[in-house]
>>> print(open('final_36.cif').read())   # mmCIF, C-alpha atoms
data_run
#
loop_
_atom_site.label_atom_id
_atom_site.label_comp_id
_atom_site.auth_asym_id
_atom_site.auth_seq_id
_atom_site.Cartn_x
_atom_site.Cartn_y
_atom_site.Cartn_z
CA ASN A 248 154.25 195.45 72.39
CA CYS A 249 151.48 194.19 74.67
CA ARG A 250 150.50 191.57 72.09
CA LEU A 251 154.14 190.52 71.77
CA LEU A 252 154.52 190.17 75.54
CA LEU A 253 151.28 188.19 75.74
CA TYR A 254 152.43 185.91 72.93
CA ARG A 255 155.77 185.28 74.67
CA GLU A 256 153.98 184.51 77.94
CA LEU A 257 151.71 182.00 76.20
CA ILE A 258 154.74 180.34 74.60
CA MET A 259 156.43 180.02 78.02
CA GLN A 260 153.30 178.52 79.60
CA PHE A 261 152.95 176.06 76.72
CA ARG A 262 156.57 174.97 77.13
CA LYS A 263 156.03 174.41 80.86
CA ILE A 264 152.99 172.24 80.15
CA ILE A 265 154.91 170.16 77.62
CA ILE A 266 157.85 169.69 80.04
CA LEU A 267 155.53 168.64 82.89
CA PHE A 268 153.73 166.21 80.57
CA LEU A 269 157.01 164.60 79.45
CA LEU A 270 158.26 164.37 83.03
CA SER A 271 155.05 162.65 84.10
CA ILE A 272 155.54 160.02 81.38
CA LEU A 273 159.17 159.42 82.33
CA MET A 274 158.38 159.15 86.04
CA SER A 275 155.46 156.81 85.53
CA GLY A 276 157.74 154.14 84.03
CA CYS A 277 154.82 152.80 82.05
CA ASN A 278 155.85 153.27 78.43
CA TYR A 279 159.28 154.25 77.20
CA SER A 280 161.68 153.72 74.33
CA THR A 281 164.86 151.69 74.67
CA VAL A 282 167.50 150.54 72.22
CA ASN A 283 166.80 151.42 68.61
CA GLN A 284 167.23 147.84 67.41
CA PRO A 285 163.74 146.74 66.39
CA PHE A 286 162.06 143.68 64.93
CA LYS A 287 161.02 145.45 61.75
CA GLU A 288 163.40 148.37 61.57
CA LYS A 289 161.16 150.44 63.87
CA GLN A 290 161.66 151.94 67.30
CA VAL A 291 161.39 149.29 69.99
CA LYS A 292 159.29 150.23 73.01
CA VAL A 293 158.83 148.71 76.44
CA SER A 294 155.85 148.68 78.77
CA GLU A 295 156.30 147.48 82.34
CA PHE A 296 153.62 146.13 84.65
CA LEU A 297 153.75 145.40 88.36
CA ILE A 298 153.06 141.78 89.29
CA PRO A 299 150.72 141.15 92.24
CA HIS A 300 153.30 140.37 94.89
CA SER A 301 152.77 139.58 98.55
CA PRO A 302 153.61 136.76 100.96
CA ASP A 303 150.60 134.93 99.52
CA PHE A 304 151.51 135.24 95.82
CA ASN A 305 154.44 134.11 93.69
CA TYR A 306 153.37 134.77 90.10
CA THR A 307 155.24 133.49 87.05
CA LEU A 308 154.30 134.16 83.43
CA ILE A 309 153.92 130.86 81.55
CA SER A 310 152.25 131.63 78.20
CA VAL A 311 150.92 134.35 75.91
CA ALA A 312 148.06 133.09 73.75
CA ASP A 313 144.77 134.28 72.26
CA ASN A 314 145.40 137.90 73.38
CA ASN A 315 145.74 136.74 76.99
CA LEU A 316 148.66 136.22 79.33
CA PHE A 317 148.53 133.10 81.47
CA ILE A 318 150.24 133.34 84.84
CA GLN A 319 150.66 130.68 87.49
CA ASP A 320 151.16 131.00 91.23
CA CYS A 321 153.01 128.01 92.69
CA ARG A 322 153.29 128.15 96.47
CA ILE A 323 154.95 125.77 98.92
CA PHE A 324 154.06 126.77 102.46
CA PRO A 325 155.45 125.59 105.82
CA LYS A 326 154.24 122.25 107.21
CA GLY A 327 153.94 120.74 103.72
CA LYS A 328 151.07 122.88 102.45
CA MET A 329 151.21 123.77 98.76
CA GLY A 330 149.18 124.60 95.69
CA THR A 331 149.45 125.80 92.08
CA THR A 332 146.88 128.23 90.63
CA LEU A 333 146.41 129.39 87.03
CA TYR A 334 145.24 132.91 86.15
CA SER A 335 144.60 134.77 82.89
CA THR A 336 144.79 138.49 82.20
CA SER A 337 144.31 140.61 79.09
CA ASP A 338 145.76 143.85 80.51
CA LEU A 339 148.08 142.76 83.35
CA THR A 340 145.97 144.69 85.84
CA GLU A 341 143.01 142.38 86.44
CA TYR A 342 143.56 138.64 86.95
CA LYS A 343 140.93 135.94 86.45
CA LYS A 344 141.39 132.67 88.30
CA ILE A 345 141.01 129.64 85.99
CA VAL A 346 141.84 126.67 88.20
CA SER A 347 143.77 125.67 91.29
CA PHE A 348 145.40 122.36 92.21
CA PRO A 349 145.75 122.33 96.01
CA ASN A 350 148.36 119.97 97.45
CA HIS A 351 150.23 119.83 94.13
CA ALA A 352 153.28 121.83 92.98
CA GLY A 353 153.94 121.85 89.25
CA HIS A 354 153.60 123.68 85.97
CA TYR A 355 150.74 124.60 83.63
CA TYR A 356 150.88 124.54 79.82
CA ILE A 357 148.63 126.11 77.20
CA ASN A 358 148.53 124.38 73.82
CA PRO A 359 149.85 127.00 71.33
CA ASN A 360 147.78 125.41 68.56
CA HIS A 361 144.53 124.99 70.50
CA PHE A 362 144.10 127.47 73.36
CA ASN A 363 141.29 125.54 75.07
CA GLU A 364 143.63 122.60 75.64
CA MET A 365 145.64 122.88 78.86
CA PHE A 366 147.90 120.64 80.93
CA PHE A 367 149.06 120.61 84.52
CA VAL A 368 152.21 118.59 85.25
CA SER A 369 152.71 117.95 88.97
CA GLY A 370 156.01 116.86 90.50
CA VAL A 371 155.48 117.38 94.24
CA ASN A 372 152.76 116.75 96.81
CA PRO A 373 152.80 117.15 100.62
CA GLU A 374 154.13 113.59 101.00
CA GLY A 375 157.01 114.05 98.54
CA LEU A 376 157.64 113.51 94.83
CA GLU A 377 154.97 112.49 92.32
CA ASN A 378 154.62 112.11 88.55
CA LEU A 379 151.17 113.22 87.40
CA ILE A 380 149.72 114.86 84.28
CA PHE A 381 146.25 116.43 84.17
CA ARG A 382 144.52 117.59 80.98
CA SER A 383 141.66 119.98 80.15
CA ASN A 384 139.88 120.35 76.79
CA ASP A 385 137.55 123.17 77.84
CA ALA A 386 139.87 126.03 78.83
CA GLY A 387 140.34 124.77 82.38
CA ARG A 388 136.73 124.22 83.42
CA SER A 389 137.18 120.45 83.87
CA TRP A 390 140.27 118.26 84.25
CA GLN A 391 141.19 114.58 83.87
CA GLN A 392 144.27 112.77 85.12
CA VAL A 393 145.95 111.26 82.05
CA TYR A 394 149.29 110.01 83.42
CA SER A 395 150.62 108.65 86.68
CA ASN A 396 153.91 107.02 87.61
CA THR A 397 154.35 105.91 91.21
CA ALA A 398 158.04 104.98 90.95
CA LYS A 399 159.85 106.66 93.86
CA ASN A 400 163.14 106.97 91.98
CA LEU A 401 161.68 109.15 89.19
CA ILE A 402 161.29 112.93 89.09
CA ILE A 403 159.05 114.36 86.37
CA ALA A 404 160.67 117.43 84.77
CA THR A 405 157.60 119.64 85.01
CA GLU A 406 158.92 122.35 82.66
CA THR A 407 159.89 120.12 79.72
CA LEU A 408 156.60 119.50 77.90
CA VAL A 409 157.03 120.23 74.16
CA TYR A 410 154.97 119.81 71.00
CA ASP A 411 156.23 118.13 67.84
CA PRO A 412 156.56 120.86 65.16
CA PHE A 413 155.36 118.37 62.51
CA ALA A 414 152.39 116.84 64.36
CA LYS A 415 150.20 119.08 66.50
CA ASN A 416 148.77 116.14 68.45
CA LYS A 417 152.20 114.73 69.45
CA LEU A 418 153.78 115.75 72.77
CA PHE A 419 156.97 114.86 74.66
CA LEU A 420 157.97 115.10 78.31
CA ILE A 421 161.11 114.11 80.23
CA ILE A 422 161.24 112.14 83.47
CA ASN A 423 164.54 112.19 85.34
CA SER A 424 165.78 109.26 87.40
CA ARG A 425 166.80 110.22 90.91
CA GLU A 426 169.98 108.17 90.55
CA GLN A 427 170.89 108.60 86.88
CA GLY A 428 169.35 108.63 83.43
CA ILE A 429 166.17 109.94 81.81
CA ASN A 430 162.97 108.58 80.29
CA ILE A 431 161.19 110.32 77.43
CA ILE A 432 157.43 109.83 77.40
CA GLN A 433 155.26 110.64 74.38
CA SER A 434 151.61 111.17 73.55
CA ILE A 435 150.29 110.88 69.98
CA ASP A 436 146.68 111.81 70.81
CA SER A 437 147.00 115.34 72.22
CA GLY A 438 147.92 114.16 75.68
CA ALA A 439 145.08 111.70 76.31
CA HIS A 440 147.48 108.73 76.64
CA TRP A 441 151.22 108.51 77.32
CA ARG A 442 153.91 105.88 76.82
CA ASN A 443 157.65 105.61 77.33
CA ILE A 444 159.55 105.80 74.02
CA ALA A 445 163.19 106.13 75.06
CA THR A 446 165.47 105.56 78.06
CA THR A 447 169.13 106.40 78.55
CA GLN A 448 171.43 106.15 81.56
CA ASP A 449 173.91 108.62 80.08
CA ILE A 450 172.05 111.89 80.68
CA ILE A 451 171.84 113.30 84.21
CA MET A 452 169.06 115.74 85.18
CA ALA A 453 167.74 116.99 81.84
CA TYR A 454 166.36 120.55 81.82
CA GLN A 455 164.40 120.43 78.55
CA ILE A 456 163.95 118.53 75.30
CA VAL A 457 164.17 120.44 72.02
CA ILE A 458 162.98 119.12 68.65
CA ASP A 459 164.55 120.15 65.35
CA PRO A 460 161.99 122.14 63.28
CA HIS A 461 163.47 120.48 60.18
CA ASP A 462 163.59 116.87 61.45
CA SER A 463 161.23 115.46 64.09
CA ASN A 464 163.68 112.64 64.95
CA HIS A 465 166.48 115.08 65.79
CA PHE A 466 166.51 115.95 69.52
CA ILE A 467 168.82 117.96 71.73
CA VAL A 468 168.71 117.84 75.54
CA PRO A 469 170.55 120.32 77.79
CA SER A 470 171.35 118.73 81.13
CA ALA A 471 173.52 118.83 84.24
CA ASN A 472 176.20 116.78 82.48
CA GLY A 473 176.24 118.57 79.14
CA LEU A 474 174.42 118.91 75.84
CA TRP A 475 173.20 115.67 74.26
CA GLU A 476 172.05 115.00 70.71
CA SER A 477 169.95 112.22 69.16
CA TRP A 478 169.20 111.69 65.46
CA ASP A 479 166.88 108.69 65.91
CA GLY A 480 164.09 109.95 68.15
CA GLY A 481 165.93 109.37 71.42
CA PHE A 482 167.15 105.78 71.02
CA SER A 483 170.85 106.69 70.85
CA TRP A 484 172.64 109.77 72.17
CA LYS A 485 175.91 111.62 71.58
CA ASN A 486 177.47 114.04 74.07
CA ILE A 487 178.28 117.38 72.41
CA ILE A 488 179.83 119.20 75.39
CA GLU A 489 180.40 118.12 78.98
CA SER A 490 179.73 121.47 80.71
CA GLU A 491 176.36 121.89 82.38
CA THR A 492 174.02 123.16 79.66
CA THR A 493 171.11 125.33 80.79
CA SER A 494 169.22 126.11 77.57
CA ALA A 495 169.32 125.32 73.85
CA VAL A 496 167.41 126.10 70.65
CA PHE A 497 167.53 125.03 67.03
CA SER A 498 167.79 127.79 64.46
CA SER A 499 164.63 127.54 62.37
CA ALA A 500 166.30 129.65 59.66
CA GLU A 501 169.32 127.36 59.14
CA LYS A 502 169.45 123.56 59.17
CA ASN A 503 171.56 121.75 61.77
CA LYS A 504 172.44 124.94 63.65
CA VAL A 505 171.99 125.05 67.44
CA TYR A 506 172.57 127.80 69.99
CA PHE A 507 173.08 126.78 73.61
CA THR A 508 174.19 128.21 76.95
CA THR A 509 176.41 126.65 79.62
CA ARG A 510 177.30 127.16 83.26
CA GLU A 511 181.05 126.60 83.38
CA SER A 512 181.44 127.53 87.05
CA ILE A 513 179.68 129.47 89.80
CA GLU A 514 180.52 132.74 88.04
CA GLU A 515 181.27 131.83 84.41
CA ARG A 516 178.53 131.48 81.77
CA CYS A 517 179.05 130.90 78.04
CA ILE A 518 176.99 130.78 74.85
CA TYR A 519 177.92 128.54 71.93
CA GLU A 520 176.92 127.89 68.35
CA LEU A 521 176.79 124.31 67.07
CA ASP A 522 176.86 124.36 63.28
CA ASN A 523 176.83 120.93 61.58
CA GLY A 524 178.96 119.44 64.35
CA ARG A 525 181.35 122.41 64.74
CA ILE A 526 181.27 124.26 68.09
CA SER A 527 182.25 127.92 68.38
CA ASN A 528 182.08 130.27 71.36
CA ILE A 529 179.98 133.40 70.89
CA ARG A 530 181.04 136.68 72.46
CA LEU A 531 178.28 139.25 72.65
CA PRO A 532 178.83 143.00 72.09
CA ASP A 533 179.90 144.97 75.19
CA GLN A 534 180.65 141.80 77.16
CA GLN A 535 182.92 143.39 79.76
CA THR A 536 181.90 142.13 83.21
CA VAL A 537 180.90 138.99 85.09
CA LEU A 538 177.89 137.38 83.49
CA ALA A 539 175.19 136.39 85.95
CA ASP A 540 173.13 134.32 83.53
CA TYR A 541 172.16 133.54 79.92
CA GLY A 542 169.06 132.24 78.17
CA VAL A 543 168.60 131.57 74.45
CA TYR A 544 165.23 131.41 72.62
CA CYS A 545 163.91 131.02 69.09
CA ARG A 546 160.59 132.09 67.62
CA GLU A 547 160.18 129.54 64.86
CA ASP A 548 157.35 131.14 62.88
CA ILE A 549 159.39 134.29 62.19
CA LYS A 550 162.76 132.45 62.29
CA LYS A 551 164.43 134.73 64.86
CA VAL A 552 166.81 133.86 67.69
CA PHE A 553 167.15 135.92 70.88
CA VAL A 554 169.48 135.86 73.86
CA VAL A 555 168.60 137.22 77.30
CA THR A 556 171.70 138.13 79.33
CA THR A 557 172.05 139.42 82.87
CA TRP A 558 175.25 141.11 83.99
CA TYR A 559 176.12 142.09 87.54
CA TYR A 560 178.05 145.33 88.11
CA GLU A 561 179.62 144.93 91.55
CA LYS A 562 180.80 148.54 91.77
CA ASP A 563 177.29 149.92 91.44
CA ALA A 564 175.57 146.83 92.92
CA VAL A 565 173.13 146.68 89.99
CA TYR A 566 172.04 144.12 87.42
CA LYS A 567 171.90 144.96 83.74
CA THR A 568 169.73 142.78 81.50
CA VAL A 569 170.19 143.01 77.74
CA ILE A 570 168.16 141.26 75.04
CA TYR A 571 170.05 140.52 71.83
CA GLN A 572 168.60 139.48 68.49
CA TYR A 573 170.57 137.59 65.86
CA ARG A 574 170.25 139.72 62.74
CA ASP A 575 172.41 140.31 59.67
CA ASP A 576 174.96 137.71 60.85
CA SER A 577 175.56 139.44 64.18
CA TRP A 578 174.09 139.75 67.68
CA GLN A 579 172.48 143.17 68.03
CA PRO A 580 171.04 144.71 71.22
CA LEU A 581 167.27 144.98 71.20
CA ALA A 582 166.43 146.32 74.66
CA GLN A 583 168.07 146.71 78.05
CA PHE A 584 167.07 147.14 81.70
CA THR A 585 169.08 148.20 84.76
CA GLY A 586 168.10 147.75 88.39
CA GLN A 587 168.94 146.18 91.73
CA GLY A 588 166.79 143.12 91.05
CA THR A 589 167.71 140.44 88.54
CA ILE A 590 165.42 139.57 85.62
CA LEU A 591 164.44 135.96 85.03
CA LYS A 592 166.37 134.54 82.08
CA LYS A 593 163.23 133.51 80.26
CA MET A 594 161.33 134.91 77.30
CA TRP A 595 157.75 134.42 76.14
CA PHE A 596 156.41 135.11 72.65
CA ASP A 597 152.99 136.47 71.76
CA ASP A 598 151.24 133.89 69.56
CA MET A 599 148.99 136.51 67.98
CA HIS A 600 151.54 139.32 67.50
CA PRO A 601 154.96 138.31 66.09
CA ASP A 602 156.59 141.62 67.06
CA ASN A 603 155.75 141.28 70.78
CA LEU A 604 157.75 139.46 73.41
CA TYR A 605 157.80 139.39 77.23
CA ILE A 606 160.33 138.94 80.00
CA GLN A 607 159.84 139.02 83.76
CA SER A 608 161.61 140.15 86.91
CA HIS A 609 160.51 139.23 90.40
CA GLN A 610 158.40 142.39 90.59
CA LYS A 611 157.45 143.24 87.00
CA ILE A 612 156.54 141.90 83.56
CA TYR A 613 158.08 143.74 80.62
CA LYS A 614 156.41 143.84 77.22
CA ILE A 615 158.79 144.60 74.34
CA PHE A 616 157.11 145.64 71.10
CA SER A 617 157.55 147.77 67.99
#
>>> encode(input="final_36.cif", output="structure tokens")
Amino acid sequence: NCRLLLYRELIMQFRKIIILFLLSILMSGCNYSTVNQPFKEKQVKVSEFLIPHSPDFNYTLISVADNNLFIQDCRIFPKGKMGTTLYSTSDLTEYKKIVSFPNHAGHYYINPNHFNEMFFVSGVNPEGLENLIFRSNDAGRSWQQVYSNTAKNLIIATETLVYDPFAKNKLFLIINSREQGINIIQSIDSGAHWRNIATTQDIIMAYQIVIDPHDSNHFIVPSANGLWESWDGGFSWKNIIESETTSAVFSSAEKNKVYFTTRESIEERCIYELDNGRISNIRLPDQQTVLADYGVYCREDIKKVFVVTTWYYEKDAVYKTVIYQYRDDSWQPLAQFTGQGTILKKMWFDDMHPDNLYIQSHQKIYKIFS
């Protein structure tokens, strides 16, 4: 009987230890499972990391490459002071400063095909607008200015730099006219020299330029006055939809198929599919409340399309962010997050690990992996 009682006591103590261990994991919020809708039919997991955040820092994830995350801090202070700094981190706990451009506000880029090649596109200085591109070939140790446009009526779209999927040394960037229209500038020597290749007065405030992975002359441009399409490298354009279009991607798995998101009004957001000229509205599963925002993304090397949605539940005063993946001819939930802060409607892919992706809130970076 004494042995039996001792055995029972040991079992009870062991259970308590296991329960405390599980509670510590749940309370830490560091590593937990979410929706069972994985990349490769496995359990999807999420790790969350706090972003250094103070009045002096405003970090934004910009790229995941070569087993490192690249994060920029763009600050505009009172009295015209500003600066944009680039950091790298391998574990999201320690940050290494790479370079800083004081008196410039803009956006950094890391070449996904050659990680030592970087760009900084600046659109603002303390005196006002500017159109500058800087380039580094040695991982940020030295920089050269490779483009300048002093026209006061132009606004460089600092977040529109893209690489041609067919030519690794060819790049494109959009410059918006302050009044109306856009210019598309191109480099065919990895960013060393730039020239204007197309101009149109039809498009107002373009947000990005997207190149068809099946046809390098096929462009789409989401903008303030709709989605625009060109089949001849930007020389002529056709308006697809007039609603403000905030993001768009080509499907790398199917030719001539595009997914794009629109802002129909202050509260209404929509997602559409453009399939060989035919437009259809997409309704996601469990779409029951006011949608705060959408973003659509495609990872071309594994031919997968994702949608990041943020819903606002007024009754509970919380935001719910859900990531959907297009699989088996339907949109299926991959992971979800609920909290009082909204999550940025942007997604970053890990160049080295196809099953990893990242999203960011104003306080945290979330790593989704299987």
>>> atom_distance(input="final_36.cif", atom1="atom CA of A:Ser477", atom2="atom CA of A:Ile309")
27.5 Å
>>> resolve_selection(input="final_36.cif", expression="the PyMOL selection byres ((chain A and resi 359) around 9)", output="list in words")
Ser310, Val311, Ala312, Asp313, Tyr356, Ile357, Asn358, Asn360, His361, Phe362, Glu364, Tyr410 and Asp598 of chain A
>>> write_last_selection(input="final_36.cif", atoms="C-alpha atoms", output="CSV table (one decimal), in the coordinates of the input")
chain,number,residue,atom,x,y,z
A,310,SER,CA,152.2,131.6,78.2
A,311,VAL,CA,150.9,134.4,75.9
A,312,ALA,CA,148.1,133.1,73.8
A,313,ASP,CA,144.8,134.3,72.3
A,356,TYR,CA,150.9,124.5,79.8
A,357,ILE,CA,148.6,126.1,77.2
A,358,ASN,CA,148.5,124.4,73.8
A,360,ASN,CA,147.8,125.4,68.6
A,361,HIS,CA,144.5,125.0,70.5
A,362,PHE,CA,144.1,127.5,73.4
A,364,GLU,CA,143.6,122.6,75.6
A,410,TYR,CA,155.0,119.8,71.0
A,598,ASP,CA,151.2,133.9,69.6
>>> closest_residue(input="final_36.cif", among="A:Met599, A:Ala453, A:Thr557, A:Cys517", to="A:Asn314", atoms="all atoms listed in the file")
A:Met599
>>> resolve_selection(input="final_36.cif", expression="the PyMOL selection byres ((chain A and resi 593) around 7)", output="list in words")
Gly542, Leu591, Lys592, Met594, Trp595 and Ile606 of chain A
>>> residues_near_point(input="final_36.cif", point="(158.6, 108.8, 80.0)", cutoff="9 Å", atoms="only C-alpha atoms", output="number ranges by chain")
A: 403, 419-423, 429-433, 441-446
>>> resolve_selection(input="final_36.cif", expression="the PyMOL selection byres ((chain A and resi 440) around 12)", output="PyMOL selection string")
chain A and resi 380-382+391-395+416-419+432-439+441-443
>>> write_last_selection(input="final_36.cif", atoms="C-alpha atoms", output="mmCIF file, keeping the file's coordinate frame")
data_model
loop_
_atom_site.group_PDB
_atom_site.id
_atom_site.type_symbol
_atom_site.label_atom_id
_atom_site.label_comp_id
_atom_site.auth_asym_id
_atom_site.auth_seq_id
_atom_site.Cartn_x
_atom_site.Cartn_y
_atom_site.Cartn_z
ATOM 1 C CA ILE A 380 149.720 114.860 84.280
ATOM 2 C CA PHE A 381 146.250 116.430 84.170
ATOM 3 C CA ARG A 382 144.520 117.590 80.980
ATOM 4 C CA GLN A 391 141.190 114.580 83.870
ATOM 5 C CA GLN A 392 144.270 112.770 85.120
ATOM 6 C CA VAL A 393 145.950 111.260 82.050
ATOM 7 C CA TYR A 394 149.290 110.010 83.420
ATOM 8 C CA SER A 395 150.620 108.650 86.680
ATOM 9 C CA ASN A 416 148.770 116.140 68.450
ATOM 10 C CA LYS A 417 152.200 114.730 69.450
ATOM 11 C CA LEU A 418 153.780 115.750 72.770
ATOM 12 C CA PHE A 419 156.970 114.860 74.660
ATOM 13 C CA ILE A 432 157.430 109.830 77.400
ATOM 14 C CA GLN A 433 155.260 110.640 74.380
ATOM 15 C CA SER A 434 151.610 111.170 73.550
ATOM 16 C CA ILE A 435 150.290 110.880 69.980
ATOM 17 C CA ASP A 436 146.680 111.810 70.810
ATOM 18 C CA SER A 437 147.000 115.340 72.220
ATOM 19 C CA GLY A 438 147.920 114.160 75.680
ATOM 20 C CA ALA A 439 145.080 111.700 76.310
ATOM 21 C CA TRP A 441 151.220 108.510 77.320
ATOM 22 C CA ARG A 442 153.910 105.880 76.820
ATOM 23 C CA ASN A 443 157.650 105.610 77.330
#
>>> atom_distance(input="final_36.cif", atom1="atom CA of A:Arg516", atom2="atom CA of A:Ile570")
15.8 Å
>>> residues_around(input="final_36.cif", residues="stretch 376-378 of chain A", least_positions_apart="4", cutoff="8 Å", atoms="only C-alpha atoms", output="PyMOL selection string")
chain A and resi 368-372+394-397+399+401-403
>>> atom_distance(input="final_36.cif", atom1="atom CA of A:Tyr573", atom2="atom CA of A:Ser608")
23.0 Å
>>> residues_around(input="final_36.cif", residues="A:Gln427", least_positions_apart="2", cutoff="6 Å", atoms="only C-alpha atoms", output="count of residues only")
4
>>> closest_residue(input="final_36.cif", among="A:Val457, A:Ile612, A:Ala471, A:Leu531", to="A:Gln572", atoms="all atoms listed in the file")
A:Leu531
>>> residues_around(input="final_36.cif", residues="A:Phe497", least_positions_apart="2", cutoff="8 Å", atoms="all atoms listed in the file", output="PyMOL selection string")
chain A and resi 457-460+495+499+503-506+545
>>> write_last_selection(input="final_36.cif", atoms="C-alpha atoms", output="short mmCIF file (atom, residue, chain, number, x, y, z; two decimals), keeping the file's coordinate frame")
data_model
loop_
_atom_site.label_atom_id
_atom_site.label_comp_id
_atom_site.auth_asym_id
_atom_site.auth_seq_id
_atom_site.Cartn_x
_atom_site.Cartn_y
_atom_site.Cartn_z
CA VAL A 457 164.17 120.44 72.02
CA ILE A 458 162.98 119.12 68.65
CA ASP A 459 164.55 120.15 65.35
CA PRO A 460 161.99 122.14 63.28
CA ALA A 495 169.32 125.32 73.85
CA SER A 499 164.63 127.54 62.37
CA ASN A 503 171.56 121.75 61.77
CA LYS A 504 172.44 124.94 63.65
CA VAL A 505 171.99 125.05 67.44
CA TYR A 506 172.57 127.80 69.99
CA CYS A 545 163.91 131.02 69.09
#
>>> closest_residue(input="final_36.cif", among="A:Ser617, A:Thr336, A:Asn603, A:Ser483", to="A:His465", atoms="only C-alpha atoms")
A:Ser483
>>> closest_residue(input="final_36.cif", among="A:Glu406, A:Asn464, A:Glu426, A:Ile345", to="A:Ile450", atoms="only C-alpha atoms")
A:Glu426
>>> residues_around(input="final_36.cif", residues="A:Ser347", least_positions_apart="6", cutoff="10 Å", atoms="only C-alpha atoms", output="ChimeraX atom specification")
/A:319-321,330-334,367,387
>>> decode(input="final_36.cif", residues="stretch 508-563 of chain A", atoms="C-alpha atoms", output="compact mmCIF listing (two decimals), in the first residue's frame")
# COMPACT_ATOMS: atom_id res chain seq x y z
CA THR A 508 -7.64 44.30 -54.04
CA THR A 509 -9.66 47.52 -54.09
CA ARG A 510 -10.79 50.24 -51.71
CA GLU A 511 -14.38 50.91 -52.73
CA SER A 512 -15.10 53.38 -49.91
CA ILE A 513 -13.85 54.34 -46.46
CA GLU A 514 -15.19 51.07 -45.05
CA GLU A 515 -15.59 48.72 -48.02
CA ARG A 516 -12.71 46.60 -49.37
CA CYS A 517 -12.94 43.95 -52.10
CA ILE A 518 -10.76 41.30 -53.71
CA TYR A 519 -11.13 40.30 -57.36
CA GLU A 520 -9.87 37.71 -59.79
CA LEU A 521 -9.03 38.76 -63.35
CA ASP A 522 -8.93 35.67 -65.55
CA ASN A 523 -8.21 36.29 -69.25
CA GLY A 524 -10.16 39.55 -69.18
CA ARG A 525 -13.06 38.30 -67.01
CA ILE A 526 -13.47 39.93 -63.57
CA SER A 527 -15.11 38.09 -60.67
CA ASN A 528 -15.50 39.12 -57.04
CA ILE A 529 -13.98 36.77 -54.47
CA ARG A 530 -15.69 36.20 -51.14
CA LEU A 531 -13.46 34.66 -48.51
CA PRO A 532 -14.65 32.06 -45.96
CA ASP A 533 -16.20 33.50 -42.77
CA GLN A 534 -16.44 36.99 -44.27
CA GLN A 535 -19.09 38.33 -41.87
CA THR A 536 -18.01 41.78 -40.68
CA VAL A 537 -16.56 45.06 -41.89
CA LEU A 538 -13.23 44.51 -43.58
CA ALA A 539 -10.52 46.88 -42.46
CA ASP A 540 -8.00 45.99 -45.16
CA TYR A 541 -6.74 43.45 -47.72
CA GLY A 542 -3.38 42.58 -49.24
CA VAL A 543 -2.63 39.93 -51.87
CA TYR A 544 0.78 38.31 -52.48
CA CYS A 545 2.31 35.59 -54.63
CA ARG A 546 5.45 33.55 -54.07
CA GLU A 547 6.45 32.77 -57.63
CA ASP A 548 9.03 30.03 -57.03
CA ILE A 549 6.48 27.78 -55.29
CA LYS A 550 3.50 29.17 -57.28
CA LYS A 551 1.33 30.03 -54.26
CA VAL A 552 -0.98 33.00 -53.70
CA PHE A 553 -1.83 34.40 -50.27
CA VAL A 554 -4.25 37.01 -48.96
CA VAL A 555 -3.79 38.94 -45.72
CA THR A 556 -7.09 40.27 -44.35
CA THR A 557 -7.84 42.41 -41.32
CA TRP A 558 -11.33 42.55 -39.87
CA TYR A 559 -12.53 44.91 -37.17
CA TYR A 560 -15.04 43.61 -34.61
CA GLU A 561 -16.67 46.74 -33.18
CA LYS A 562 -18.49 44.90 -30.39
CA ASP A 563 -15.27 43.58 -28.89
